[in-house]
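Chemist: Pasting target23.txt below, which is compact mmCIF, C-alpha atoms.
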```txt
# COMPACT_ATOMS: atom_id res chain seq x y z
CA MET A 274 -9.71 50.69 -12.98
CA THR A 275 -12.01 47.84 -11.85
CA VAL A 276 -12.01 45.82 -15.07
CA THR A 277 -9.36 45.80 -17.78
CA SER A 278 -9.19 43.93 -21.08
CA GLU A 279 -6.05 43.23 -23.10
CA LEU A 280 -5.71 41.26 -26.32
CA ARG A 281 -2.42 39.38 -26.56
CA PRO A 282 -0.69 38.73 -29.90
CA ASP A 283 -1.66 35.04 -29.69
CA GLY A 284 -5.38 35.86 -29.66
CA ILE A 285 -5.88 35.33 -25.92
CA ARG A 286 -7.87 38.21 -24.45
CA VAL A 287 -7.14 38.72 -20.75
CA VAL A 288 -9.98 40.27 -18.73
CA THR A 289 -8.86 41.22 -15.23
CA MET A 290 -10.97 42.27 -12.25
CA ASN A 291 -9.19 44.50 -9.74
CA ALA A 292 -11.43 46.10 -7.12
CA PRO A 293 -9.61 46.20 -3.75
CA PRO A 294 -9.87 45.08 -1.09
CA VAL A 295 -11.83 41.91 -1.96
CA ASN A 296 -13.11 42.28 -5.53
CA ALA A 297 -16.69 42.87 -4.41
CA LEU A 298 -17.96 44.60 -7.54
CA THR A 299 -20.08 47.73 -7.60
CA VAL A 300 -23.06 47.96 -9.93
CA GLN A 301 -20.83 49.60 -12.55
CA GLY A 302 -18.20 46.91 -12.05
CA TRP A 303 -20.62 44.15 -13.06
CA PHE A 304 -21.61 46.04 -16.19
CA ASP A 305 -17.91 46.56 -16.95
CA VAL A 306 -17.34 42.80 -16.84
CA ALA A 307 -20.27 42.32 -19.22
CA ALA A 308 -18.90 44.98 -21.59
CA ALA A 309 -15.46 43.35 -21.64
CA LEU A 310 -16.92 39.94 -22.55
CA ASP A 311 -19.20 41.47 -25.18
CA GLU A 312 -16.16 43.18 -26.66
CA ALA A 313 -14.40 39.83 -26.85
CA SER A 314 -17.36 38.34 -28.70
CA ALA A 315 -17.42 41.12 -31.26
CA ASP A 316 -13.67 41.16 -31.89
CA LEU A 317 -12.82 38.42 -34.39
CA ALA A 318 -9.17 38.66 -33.39
CA THR A 319 -10.12 37.29 -29.97
CA LYS A 320 -9.79 33.50 -29.98
CA VAL A 321 -10.30 32.76 -26.28
CA VAL A 322 -10.78 34.73 -23.04
CA VAL A 323 -8.99 34.30 -19.73
CA LEU A 324 -11.04 35.82 -16.91
CA ARG A 325 -8.83 36.48 -13.89
CA ALA A 326 -8.45 38.75 -10.88
CA GLU A 327 -5.80 40.63 -8.95
CA GLY A 328 -5.68 40.73 -5.18
CA LYS A 329 -6.72 38.50 -2.30
CA GLY A 330 -9.38 36.55 -4.17
CA PHE A 331 -11.20 36.13 -7.45
CA ASN A 332 -14.53 37.70 -6.54
CA ALA A 333 -16.53 38.38 -3.36
CA GLY A 334 -19.83 39.06 -5.12
CA VAL A 335 -21.74 42.32 -5.01
CA ASP A 336 -20.65 45.37 -3.04
CA ILE A 337 -23.10 45.15 -0.13
CA LYS A 338 -21.81 48.37 1.42
CA GLU A 339 -22.71 50.23 -1.78
CA MET A 340 -26.17 48.70 -1.61
CA GLN A 341 -26.75 49.62 2.05
CA ASN A 342 -25.46 53.14 1.64
CA THR A 343 -27.76 53.86 -1.31
CA THR A 344 -31.24 55.20 -0.66
CA GLY A 345 -34.07 52.95 -1.80
CA PHE A 346 -33.56 49.95 -4.05
CA ASP A 347 -31.59 51.51 -6.91
CA ALA A 348 -28.36 49.69 -6.02
CA LEU A 349 -30.19 46.39 -5.50
CA LEU A 350 -31.87 46.66 -8.88
CA GLY A 351 -28.59 47.73 -10.46
CA ALA A 352 -26.67 44.83 -8.91
CA ASN A 353 -29.26 42.30 -10.06
CA LYS A 354 -29.24 43.69 -13.59
CA GLY A 355 -25.45 43.97 -13.60
CA CYS A 356 -24.91 40.42 -12.37
CA PHE A 357 -27.41 39.09 -14.90
CA ALA A 358 -25.61 40.96 -17.69
CA ALA A 359 -22.15 39.76 -16.58
CA PHE A 360 -23.12 36.11 -16.13
CA LYS A 361 -24.96 36.16 -19.46
CA ALA A 362 -21.99 37.74 -21.23
CA VAL A 363 -19.66 35.03 -19.94
CA TYR A 364 -22.02 32.25 -20.96
CA GLU A 365 -22.84 33.74 -24.36
CA CYS A 366 -19.32 34.91 -25.16
CA ALA A 367 -18.66 33.80 -28.74
CA VAL A 368 -15.35 32.23 -27.73
CA PRO A 369 -14.50 29.93 -24.81
CA VAL A 370 -13.91 31.58 -21.43
CA VAL A 371 -11.23 30.18 -19.12
CA ALA A 372 -11.70 31.27 -15.50
CA ALA A 373 -8.49 31.51 -13.46
CA VAL A 374 -9.64 31.45 -9.83
CA ASN A 375 -7.47 32.53 -6.92
CA GLY A 376 -8.51 32.62 -3.27
CA PHE A 377 -12.19 33.14 -2.55
CA CYS A 378 -14.86 32.83 -5.22
CA VAL A 379 -18.24 33.44 -3.61
CA GLY A 380 -21.69 34.69 -4.59
CA GLY A 381 -21.40 36.53 -7.87
CA GLY A 382 -17.97 35.00 -8.40
CA VAL A 383 -19.62 31.59 -8.65
CA GLY A 384 -22.02 33.10 -11.19
CA LEU A 385 -19.08 34.05 -13.39
CA VAL A 386 -17.17 30.80 -12.97
CA GLY A 387 -20.20 28.55 -13.27
CA ASN A 388 -20.91 30.07 -16.68
CA ALA A 389 -17.30 29.82 -17.86
CA ASP A 390 -16.20 27.00 -20.15
CA ILE A 391 -13.05 25.91 -18.34
CA VAL A 392 -11.92 26.53 -14.76
CA VAL A 393 -8.39 26.39 -13.38
CA ALA A 394 -7.70 27.31 -9.78
CA SER A 395 -4.94 27.98 -7.29
CA GLU A 396 -4.39 25.75 -4.29
CA ASP A 397 -5.93 28.35 -1.98
CA ALA A 398 -9.12 28.73 -4.04
CA TYR A 399 -12.55 27.93 -2.65
CA PHE A 400 -16.14 28.42 -3.75
CA GLY A 401 -19.39 29.27 -1.97
CA VAL A 402 -22.83 30.80 -2.29
CA PRO A 403 -23.53 32.64 1.00
CA GLU A 404 -26.56 34.46 -0.39
CA VAL A 405 -28.92 33.19 2.32
CA ASN A 406 -26.81 35.02 4.91
CA GLN A 407 -27.63 38.32 3.20
CA GLY A 408 -31.29 37.66 2.48
CA ALA A 409 -30.79 37.02 -1.22
CA LEU A 410 -31.07 34.14 -3.64
CA GLY A 411 -28.97 33.52 -6.71
CA ALA A 412 -26.04 31.58 -8.21
CA ALA A 413 -27.51 28.18 -7.34
CA THR A 414 -27.96 27.92 -11.11
CA HIS A 415 -24.22 28.32 -11.49
CA MET A 416 -23.09 26.30 -8.48
CA ALA A 417 -25.13 23.42 -9.91
CA ARG A 418 -22.75 23.48 -12.88
CA LEU A 419 -19.81 22.93 -10.52
CA VAL A 420 -21.09 20.28 -8.09
CA PRO A 421 -23.79 17.56 -8.00
CA GLN A 422 -27.35 18.54 -7.04
CA HIS A 423 -27.45 17.41 -3.42
CA LEU A 424 -24.07 18.92 -2.64
CA MET A 425 -25.21 22.17 -4.25
CA ARG A 426 -28.26 22.22 -1.98
CA THR A 427 -26.11 21.58 1.09
CA LEU A 428 -23.74 24.40 0.16
CA TYR A 429 -26.68 26.70 -0.60
CA PHE A 430 -28.67 26.11 2.59
CA THR A 431 -25.64 26.15 4.91
CA ALA A 432 -23.54 28.83 3.14
CA ARG A 433 -20.56 26.50 3.46
CA THR A 434 -17.62 26.73 1.08
CA ILE A 435 -15.85 24.00 -0.85
CA PRO A 436 -12.15 23.94 -1.81
CA ALA A 437 -11.13 23.87 -5.46
CA THR A 438 -9.26 20.62 -4.86
CA ASP A 439 -12.61 18.86 -4.23
CA LEU A 440 -14.02 20.09 -7.53
CA VAL A 441 -11.34 18.40 -9.62
CA ALA A 442 -12.99 15.04 -8.89
CA PHE A 443 -16.28 16.36 -10.30
CA GLY A 444 -14.54 17.55 -13.46
CA SER A 445 -15.70 21.14 -12.99
CA VAL A 446 -12.18 22.37 -12.20
CA LEU A 447 -9.58 21.27 -14.74
CA GLU A 448 -6.59 21.54 -12.45
CA VAL A 449 -5.37 23.08 -9.21
CA VAL A 450 -1.91 24.63 -9.18
CA PRO A 451 0.26 26.71 -6.85
CA ARG A 452 -0.93 30.31 -6.85
CA GLU A 453 2.21 31.57 -8.56
CA ARG A 454 1.48 29.21 -11.48
CA LEU A 455 -2.20 30.09 -11.91
CA ASP A 456 -1.82 32.49 -14.83
CA GLU A 457 0.61 30.10 -16.50
CA ALA A 458 -1.90 27.24 -16.25
CA ALA A 459 -4.76 29.38 -17.57
CA TYR A 460 -2.71 30.65 -20.51
CA ALA A 461 -1.57 27.11 -21.30
CA VAL A 462 -5.07 25.72 -21.82
CA ALA A 463 -6.17 28.96 -23.48
CA GLY A 464 -3.20 28.63 -25.83
CA GLU A 465 -4.36 25.18 -26.90
CA ILE A 466 -7.73 26.67 -27.87
CA ALA A 467 -6.18 29.71 -29.55
CA ALA A 468 -4.14 27.39 -31.78
CA LYS A 469 -7.34 25.94 -33.30
CA ASN A 470 -9.30 27.40 -36.20
CA THR A 471 -11.22 30.24 -34.54
CA LYS A 472 -14.23 29.85 -36.85
CA VAL A 473 -14.57 26.24 -35.75
CA ILE A 474 -14.14 27.14 -32.07
CA ARG A 475 -16.78 29.87 -32.28
CA ALA A 476 -19.17 27.45 -33.96
CA ALA A 477 -18.39 24.84 -31.29
CA LYS A 478 -19.14 27.31 -28.48
CA GLU A 479 -22.54 28.13 -30.00
CA ALA A 480 -23.28 24.45 -30.56
CA LEU A 481 -22.45 23.45 -26.99
CA ASN A 482 -24.60 26.24 -25.56
CA GLY A 483 -27.43 25.06 -27.78
CA ILE A 484 -27.42 21.55 -26.30
CA ASP A 485 -27.11 22.65 -22.65
CA PRO A 486 -29.84 20.94 -20.59
CA VAL A 487 -30.56 24.08 -18.51
CA ASP A 488 -31.25 27.61 -19.74
CA VAL A 489 -28.96 29.41 -17.31
CA ASN A 490 -30.40 32.84 -18.08
CA LYS A 491 -34.01 31.90 -17.27
CA SER A 492 -32.94 29.78 -14.30
CA TYR A 493 -30.95 32.59 -12.70
CA ARG A 494 -33.72 35.12 -13.41
CA TRP A 495 -36.16 32.84 -11.55
CA GLU A 496 -33.84 32.88 -8.52
CA GLN A 497 -33.60 36.67 -8.62
CA GLY A 498 -37.36 36.97 -8.36
CA PHE A 499 -37.25 35.56 -4.84
CA THR A 500 -34.57 38.08 -3.91
CA PHE A 501 -37.00 40.87 -4.78
CA GLU A 502 -39.71 39.25 -2.63
CA LEU A 503 -37.37 39.02 0.36
CA ASN A 504 -36.44 42.68 -0.08
CA LEU A 505 -40.08 43.75 -0.15
CA MET A 506 -40.57 41.89 3.13
CA GLY A 507 -37.65 43.83 4.66
CA VAL A 508 -35.70 40.70 5.54
CA SER A 509 -32.81 41.39 3.19
CA ASP A 510 -32.03 44.89 4.48
CA GLU A 511 -31.85 43.63 8.05
CA LEU A 512 -29.37 40.88 7.13
CA ARG A 513 -27.28 43.15 4.92
CA ASP A 514 -27.18 45.76 7.71
CA ASP A 515 -25.70 43.13 10.02
CA PHE A 516 -23.00 42.45 7.43
CA ALA A 517 -22.24 46.04 6.42
CA GLY A 518 -22.66 47.70 9.82
CA THR A 519 -25.34 50.02 8.44
CA SER A 520 -28.88 50.86 9.54
CA LYS A 521 -30.78 51.08 6.28
CA ALA A 522 -33.65 48.88 7.48
CA ALA A 523 -34.25 51.05 10.55
CA ASN A 524 -34.00 54.25 8.54
CA SER A 525 -36.48 52.93 5.99
CA ALA A 526 -38.93 51.97 8.73
CA GLU A 527 -38.56 55.40 10.33
CA GLY A 528 -39.14 57.12 7.02
CA ALA A 529 -42.31 55.10 6.44
CA ARG A 530 -43.95 56.43 9.63
```
Could you write out this file's structure as structure tokens?
Modeler:
Amino acid sequence: MTVTSELRPDGIRVVTMNAPPVNALTVQGWFDVAAALDEASADLATKVVVLRAEGKGFNAGVDIKEMQNTTGFDALLGANKGCFAAFKAVYECAVPVVAAVNGFCVGGGVGLVGNADIVVASEDAYFGVPEVNQGALGAATHMARLVPQHLMRTLYFTARTIPATDLVAFGSVLEVVPRERLDEAAYAVAGEIAAKNTKVIRAAKEALNGIDPVDVNKSYRWEQGFTFELNLMGVSDELRDDFAGTSKAANSAEGAR
């Protein structure tokens, strides 16, 4: 199963992503993440969520191979809608979301983490938004919640990555721990929140979202619009073909003749 959700007796709901080999989520996977967070919001027994992953890394973004092996733009449209739903569900979750990040966290992974309330990471964790390499735009909205503006632009234009240890200084990552202690660290801070009055915590989450200076949903949707433009120009398929080893762009051109 790609996404599982388990409510612990202490009120901590653990949502785990597990999509080998690299946690690149399919269209359905993104909607599953959204459903798990929506379930957490609706369940009054849930006091806090820990969003974590099994495997090599936290999240490698969308499943580009699924996209390139799907005729037309159905998978692209599905991925955009699924990512939007997942990021929105994390941000609007009625209780705080603690992201426990291991290994790589790129593309859509940054979308999830940037919308989380608290981030803890393992020593091997790093973050990046390599969208420009695949002819897409997105997650700058969320990277901007992790690093200062000019650094975000550098990371975005160059597709460089940044280690979690560097983000502690910005305050966007609470702490960096050995990988074997990652779950322990996430549950520790989640436990502090779970010990509070849940009605107060839910009110606090809504209040903090209400005073956010940027509407993350509209901002991310604006970015996605440029992804659609690049796809209509054919640029995106060519770049994704290079990544996935497919020939969708050539096949589309042949079919148009």
Chemist: Considering all atoms listed in the file, give me a table of residues in region 287-403 of chain A that are at most 8 Å from region 410-421 of chain A, with the closest atom pair and distance in Å for each, as a Markdown table.
Modeler:
```
| residue | atom | partner | partner_atom | distance |
| --- | --- | --- | --- | --- |
| A:Gly380 | CA | A:Ala412 | CA | 6.5 |
| A:Gly381 | CA | A:Ala412 | CA | 6.8 |
| A:Val383 | CA | A:His415 | CA | 6.3 |
| A:Gly384 | CA | A:Ala412 | CA | 5.2 |
| A:Leu385 | CA | A:His415 | CA | 7.9 |
| A:Val386 | CA | A:His415 | CA | 7.6 |
| A:Gly387 | CA | A:His415 | CA | 4.4 |
| A:Asn388 | CA | A:His415 | CA | 6.4 |
| A:Val402 | CA | A:Ala412 | CA | 6.8 |
```
Chemist: If I take CA of Val276 (chain A) and CA of Val374 (chain A), how far is one from the other in Å, to one decimal?
Modeler: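 CA of Val374 (chain A) lies 15.5 Å from CA of Val276 (chain A).
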Chemist: Applying 10 Å and only C-alpha atoms, which residues near Leu350 (chain A) remain after dropping the ones on its own chain fewer than 4 positions away? List them as a PyMOL selection string.
Modeler: chain A and resi 300+340+345-346+354-356+501
Chemist: Take the selection from the previous step and output its residues with C-alpha atoms, as a short mmCIF file (atom, residue, chain, number, x, y, z; two decimals), keeping the file's coordinate frame.
Modeler:
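File out-v7.cif, as written:
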```cif
data_model
loop_
_atom_site.label_atom_id
_atom_site.label_comp_id
_atom_site.auth_asym_id
_atom_site.auth_seq_id
_atom_site.Cartn_x
_atom_site.Cartn_y
_atom_site.Cartn_z
CA VAL A 300 -23.06 47.96 -9.93
CA MET A 340 -26.17 48.70 -1.61
CA GLY A 345 -34.07 52.95 -1.80
CA PHE A 346 -33.56 49.95 -4.05
CA LYS A 354 -29.24 43.69 -13.59
CA GLY A 355 -25.45 43.97 -13.60
CA CYS A 356 -24.91 40.42 -12.37
CA PHE A 501 -37.00 40.87 -4.78
#
```
Chemist: Please provide as a list in words all residues within 7 Å of region 302-310 of chain A, with the sequence filter that same-chain residues fewer than 5 positions apart are discarded (counting all atoms listed in the file).
Modeler: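 Within the cut-off, the hits are Thr275, Val276, Ser278, Val288, Gly355, Cys356, Ala358, Ala359, Ala362, Val363 and Cys366 of chain A.
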Chemist: Restricted to C-alpha atoms, what would the selected residues look like written as a PDB file, keeping the file's coordinate frame?
Modeler:
```
ATOM      1  CA  THR A 275     -12.010  47.840 -11.850  1.00  0.00           C
ATOM      2  CA  VAL A 276     -12.010  45.820 -15.070  1.00  0.00           C
ATOM      3  CA  SER A 278      -9.190  43.930 -21.080  1.00  0.00           C
ATOM      4  CA  VAL A 288      -9.980  40.270 -18.730  1.00  0.00           C
ATOM      5  CA  GLY A 355     -25.450  43.970 -13.600  1.00  0.00           C
ATOM      6  CA  CYS A 356     -24.910  40.420 -12.370  1.00  0.00           C
ATOM      7  CA  ALA A 358     -25.610  40.960 -17.690  1.00  0.00           C
ATOM      8  CA  ALA A 359     -22.150  39.760 -16.580  1.00  0.00           C
ATOM      9  CA  ALA A 362     -21.990  37.740 -21.230  1.00  0.00           C
ATOM     10  CA  VAL A 363     -19.660  35.030 -19.940  1.00  0.00           C
ATOM     11  CA  CYS A 366     -19.320  34.910 -25.160  1.00  0.00           C
TER      12      CYS A 366
END
```
Chemist: Between A:Leu503, A:Phe443, A:Ala458, A:Ser492, which one has atoms that come closest to Lys361 (chain A), using only C-alpha atoms?
Modeler: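 Closest to Lys361 (chain A), using only C-alpha atoms: A:Ser492.
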Chemist: Which one of A:Gln407, A:Lys320, A:Asp397, A:Glu365 sits closest to Gly334 (chain A) if you count all atoms listed in the file?
Modeler: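 For Gly334 (chain A), the nearest of the candidates is A:Gln407.
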Chemist: Using all atoms listed in the file, give me every residue within 8 Å of (-2.7, 35.2, -28.8) in file coordinates, as a list in words.
Modeler: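 Selection result: Leu280, Arg281, Pro282, Asp283, Gly284, Ile285, Arg286, Thr319, Lys320, Gly464 and Ala467 of chain A.
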Chemist: Suppose we keep C-alpha atoms; can you now write the selection as a CSV table (one decimal), in the frame of the given file?
Modeler:
```csv
chain,number,residue,atom,x,y,z
A,280,LEU,CA,-5.7,41.3,-26.3
A,281,ARG,CA,-2.4,39.4,-26.6
A,282,PRO,CA,-0.7,38.7,-29.9
A,283,ASP,CA,-1.7,35.0,-29.7
A,284,GLY,CA,-5.4,35.9,-29.7
A,285,ILE,CA,-5.9,35.3,-25.9
A,286,ARG,CA,-7.9,38.2,-24.4
A,319,THR,CA,-10.1,37.3,-30.0
A,320,LYS,CA,-9.8,33.5,-30.0
A,464,GLY,CA,-3.2,28.6,-25.8
A,467,ALA,CA,-6.2,29.7,-29.6
```
Chemist: Pick the closest to Phe499 (chain A) from A:Ala326, A:Leu440, A:Val473, A:Val405: which is it, counting all atoms listed in the file?
Modeler: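 Among the listed residues, the smallest separation from Phe499 (chain A) belongs to A:Val405.
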Chemist: Would you mind reading off the distance between CA of Ile391 (chain A) and CA of Lys491 (chain A), one decimal, in Å?
Modeler: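 Distance reported for this atom pair: 21.8 Å.
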Chemist: Quick check, in Å to one decimal: how far apart do CA of Ala409 (chain A) and CA of Ser509 (chain A) lie?
Modeler: 6.5 Å
Chemist: For a quick check of understanding, using only C-alpha atoms, which of A:Asp488, A:Glu453, A:Asp439, A:Glu279 has the smallest distance to Val323 (chain A)?
Modeler: A:Glu279
Chemist: Just checking: using all atoms listed in the file, which residue out of A:Asn406, A:Ser314, A:Gln301, A:Thr277 ends up closest to Asp515 (chain A)?
Modeler: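 With all atoms listed in the file as the atom set, the closest residue is A:Asn406.
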Chemist: Please rebuild region 368-379 of chain A with all heavy atoms and give the result as a PDB file, keeping the file's coordinate frame.
Modeler:
```pdb
ATOM      1  N   VAL A 368     -16.522  33.104 -27.845  1.00  0.00           N
ATOM      2  CA  VAL A 368     -15.350  32.230 -27.730  1.00  0.00           C
ATOM      3  C   VAL A 368     -15.314  31.633 -26.330  1.00  0.00           C
ATOM      4  O   VAL A 368     -15.952  32.157 -25.406  1.00  0.00           O
ATOM      5  CB  VAL A 368     -14.044  33.005 -28.010  1.00  0.00           C
ATOM      6  CG1 VAL A 368     -14.033  33.555 -29.427  1.00  0.00           C
ATOM      7  CG2 VAL A 368     -13.838  34.135 -27.003  1.00  0.00           C
ATOM      8  N   PRO A 369     -14.584  30.533 -26.138  1.00  0.00           N
ATOM      9  CA  PRO A 369     -14.500  29.930 -24.810  1.00  0.00           C
ATOM     10  C   PRO A 369     -13.906  30.886 -23.771  1.00  0.00           C
ATOM     11  O   PRO A 369     -13.038  31.701 -24.089  1.00  0.00           O
ATOM     12  CB  PRO A 369     -13.583  28.726 -25.032  1.00  0.00           C
ATOM     13  CG  PRO A 369     -13.729  28.402 -26.483  1.00  0.00           C
ATOM     14  CD  PRO A 369     -13.891  29.731 -27.156  1.00  0.00           C
ATOM     15  N   VAL A 370     -14.396  30.774 -22.536  1.00  0.00           N
ATOM     16  CA  VAL A 370     -13.910  31.580 -21.430  1.00  0.00           C
ATOM     17  C   VAL A 370     -13.238  30.664 -20.406  1.00  0.00           C
ATOM     18  O   VAL A 370     -13.870  29.728 -19.902  1.00  0.00           O
ATOM     19  CB  VAL A 370     -15.046  32.372 -20.751  1.00  0.00           C
ATOM     20  CG1 VAL A 370     -14.513  33.152 -19.545  1.00  0.00           C
ATOM     21  CG2 VAL A 370     -15.705  33.319 -21.749  1.00  0.00           C
ATOM     22  N   VAL A 371     -11.981  30.927 -20.132  1.00  0.00           N
ATOM     23  CA  VAL A 371     -11.230  30.180 -19.120  1.00  0.00           C
ATOM     24  C   VAL A 371     -11.175  31.035 -17.862  1.00  0.00           C
ATOM     25  O   VAL A 371     -10.642  32.153 -17.890  1.00  0.00           O
ATOM     26  CB  VAL A 371      -9.797  29.869 -19.595  1.00  0.00           C
ATOM     27  CG1 VAL A 371      -9.020  29.117 -18.508  1.00  0.00           C
ATOM     28  CG2 VAL A 371      -9.816  29.070 -20.897  1.00  0.00           C
ATOM     29  N   ALA A 372     -11.731  30.548 -16.770  1.00  0.00           N
ATOM     30  CA  ALA A 372     -11.700  31.270 -15.500  1.00  0.00           C
ATOM     31  C   ALA A 372     -10.486  30.825 -14.701  1.00  0.00           C
ATOM     32  O   ALA A 372     -10.289  29.627 -14.484  1.00  0.00           O
ATOM     33  CB  ALA A 372     -12.973  31.031 -14.704  1.00  0.00           C
ATOM     34  N   ALA A 373      -9.665  31.788 -14.285  1.00  0.00           N
ATOM     35  CA  ALA A 373      -8.490  31.510 -13.460  1.00  0.00           C
ATOM     36  C   ALA A 373      -8.797  32.004 -12.050  1.00  0.00           C
ATOM     37  O   ALA A 373      -8.791  33.208 -11.792  1.00  0.00           O
ATOM     38  CB  ALA A 373      -7.260  32.206 -14.020  1.00  0.00           C
ATOM     39  N   VAL A 374      -9.099  31.087 -11.149  1.00  0.00           N
ATOM     40  CA  VAL A 374      -9.640  31.450  -9.830  1.00  0.00           C
ATOM     41  C   VAL A 374      -8.579  31.369  -8.739  1.00  0.00           C
ATOM     42  O   VAL A 374      -7.974  30.321  -8.518  1.00  0.00           O
ATOM     43  CB  VAL A 374     -10.819  30.514  -9.461  1.00  0.00           C
ATOM     44  CG1 VAL A 374     -11.407  30.917  -8.117  1.00  0.00           C
ATOM     45  CG2 VAL A 374     -11.882  30.538 -10.554  1.00  0.00           C
ATOM     46  N   ASN A 375      -8.383  32.482  -8.059  1.00  0.00           N
ATOM     47  CA  ASN A 375      -7.470  32.530  -6.920  1.00  0.00           C
ATOM     48  C   ASN A 375      -8.257  32.883  -5.660  1.00  0.00           C
ATOM     49  O   ASN A 375      -9.214  33.649  -5.703  1.00  0.00           O
ATOM     50  CB  ASN A 375      -6.381  33.592  -7.138  1.00  0.00           C
ATOM     51  CG  ASN A 375      -6.957  34.989  -7.290  1.00  0.00           C
ATOM     52  OD1 ASN A 375      -7.674  35.271  -8.238  1.00  0.00           O
ATOM     53  ND2 ASN A 375      -6.624  35.872  -6.353  1.00  0.00           N
ATOM     54  N   GLY A 376      -7.876  32.287  -4.550  1.00  0.00           N
ATOM     55  CA  GLY A 376      -8.510  32.620  -3.270  1.00  0.00           C
ATOM     56  C   GLY A 376     -10.002  32.375  -3.266  1.00  0.00           C
ATOM     57  O   GLY A 376     -10.495  31.371  -3.777  1.00  0.00           O
ATOM     58  N   PHE A 377     -10.748  33.323  -2.699  1.00  0.00           N
ATOM     59  CA  PHE A 377     -12.190  33.140  -2.550  1.00  0.00           C
ATOM     60  C   PHE A 377     -12.935  33.438  -3.848  1.00  0.00           C
ATOM     61  O   PHE A 377     -12.595  34.341  -4.601  1.00  0.00           O
ATOM     62  CB  PHE A 377     -12.726  34.029  -1.425  1.00  0.00           C
ATOM     63  CG  PHE A 377     -12.231  35.440  -1.469  1.00  0.00           C
ATOM     64  CD1 PHE A 377     -12.781  36.379  -2.318  1.00  0.00           C
ATOM     65  CD2 PHE A 377     -11.176  35.835  -0.647  1.00  0.00           C
ATOM     66  CE1 PHE A 377     -12.323  37.679  -2.360  1.00  0.00           C
ATOM     67  CE2 PHE A 377     -10.691  37.137  -0.683  1.00  0.00           C
ATOM     68  CZ  PHE A 377     -11.273  38.059  -1.548  1.00  0.00           C
ATOM     69  N   CYS A 378     -13.949  32.647  -4.081  1.00  0.00           N
ATOM     70  CA  CYS A 378     -14.860  32.830  -5.220  1.00  0.00           C
ATOM     71  C   CYS A 378     -16.254  32.553  -4.674  1.00  0.00           C
ATOM     72  O   CYS A 378     -16.674  31.398  -4.571  1.00  0.00           O
ATOM     73  CB  CYS A 378     -14.513  31.882  -6.359  1.00  0.00           C
ATOM     74  SG  CYS A 378     -15.631  32.016  -7.787  1.00  0.00           S
ATOM     75  N   VAL A 379     -16.960  33.613  -4.287  1.00  0.00           N
ATOM     76  CA  VAL A 379     -18.240  33.440  -3.610  1.00  0.00           C
ATOM     77  C   VAL A 379     -19.322  34.309  -4.257  1.00  0.00           C
ATOM     78  O   VAL A 379     -19.030  35.324  -4.887  1.00  0.00           O
ATOM     79  CB  VAL A 379     -18.132  33.760  -2.105  1.00  0.00           C
ATOM     80  CG1 VAL A 379     -17.213  32.760  -1.405  1.00  0.00           C
ATOM     81  CG2 VAL A 379     -17.627  35.178  -1.873  1.00  0.00           C
TER      82      VAL A 379
END
```
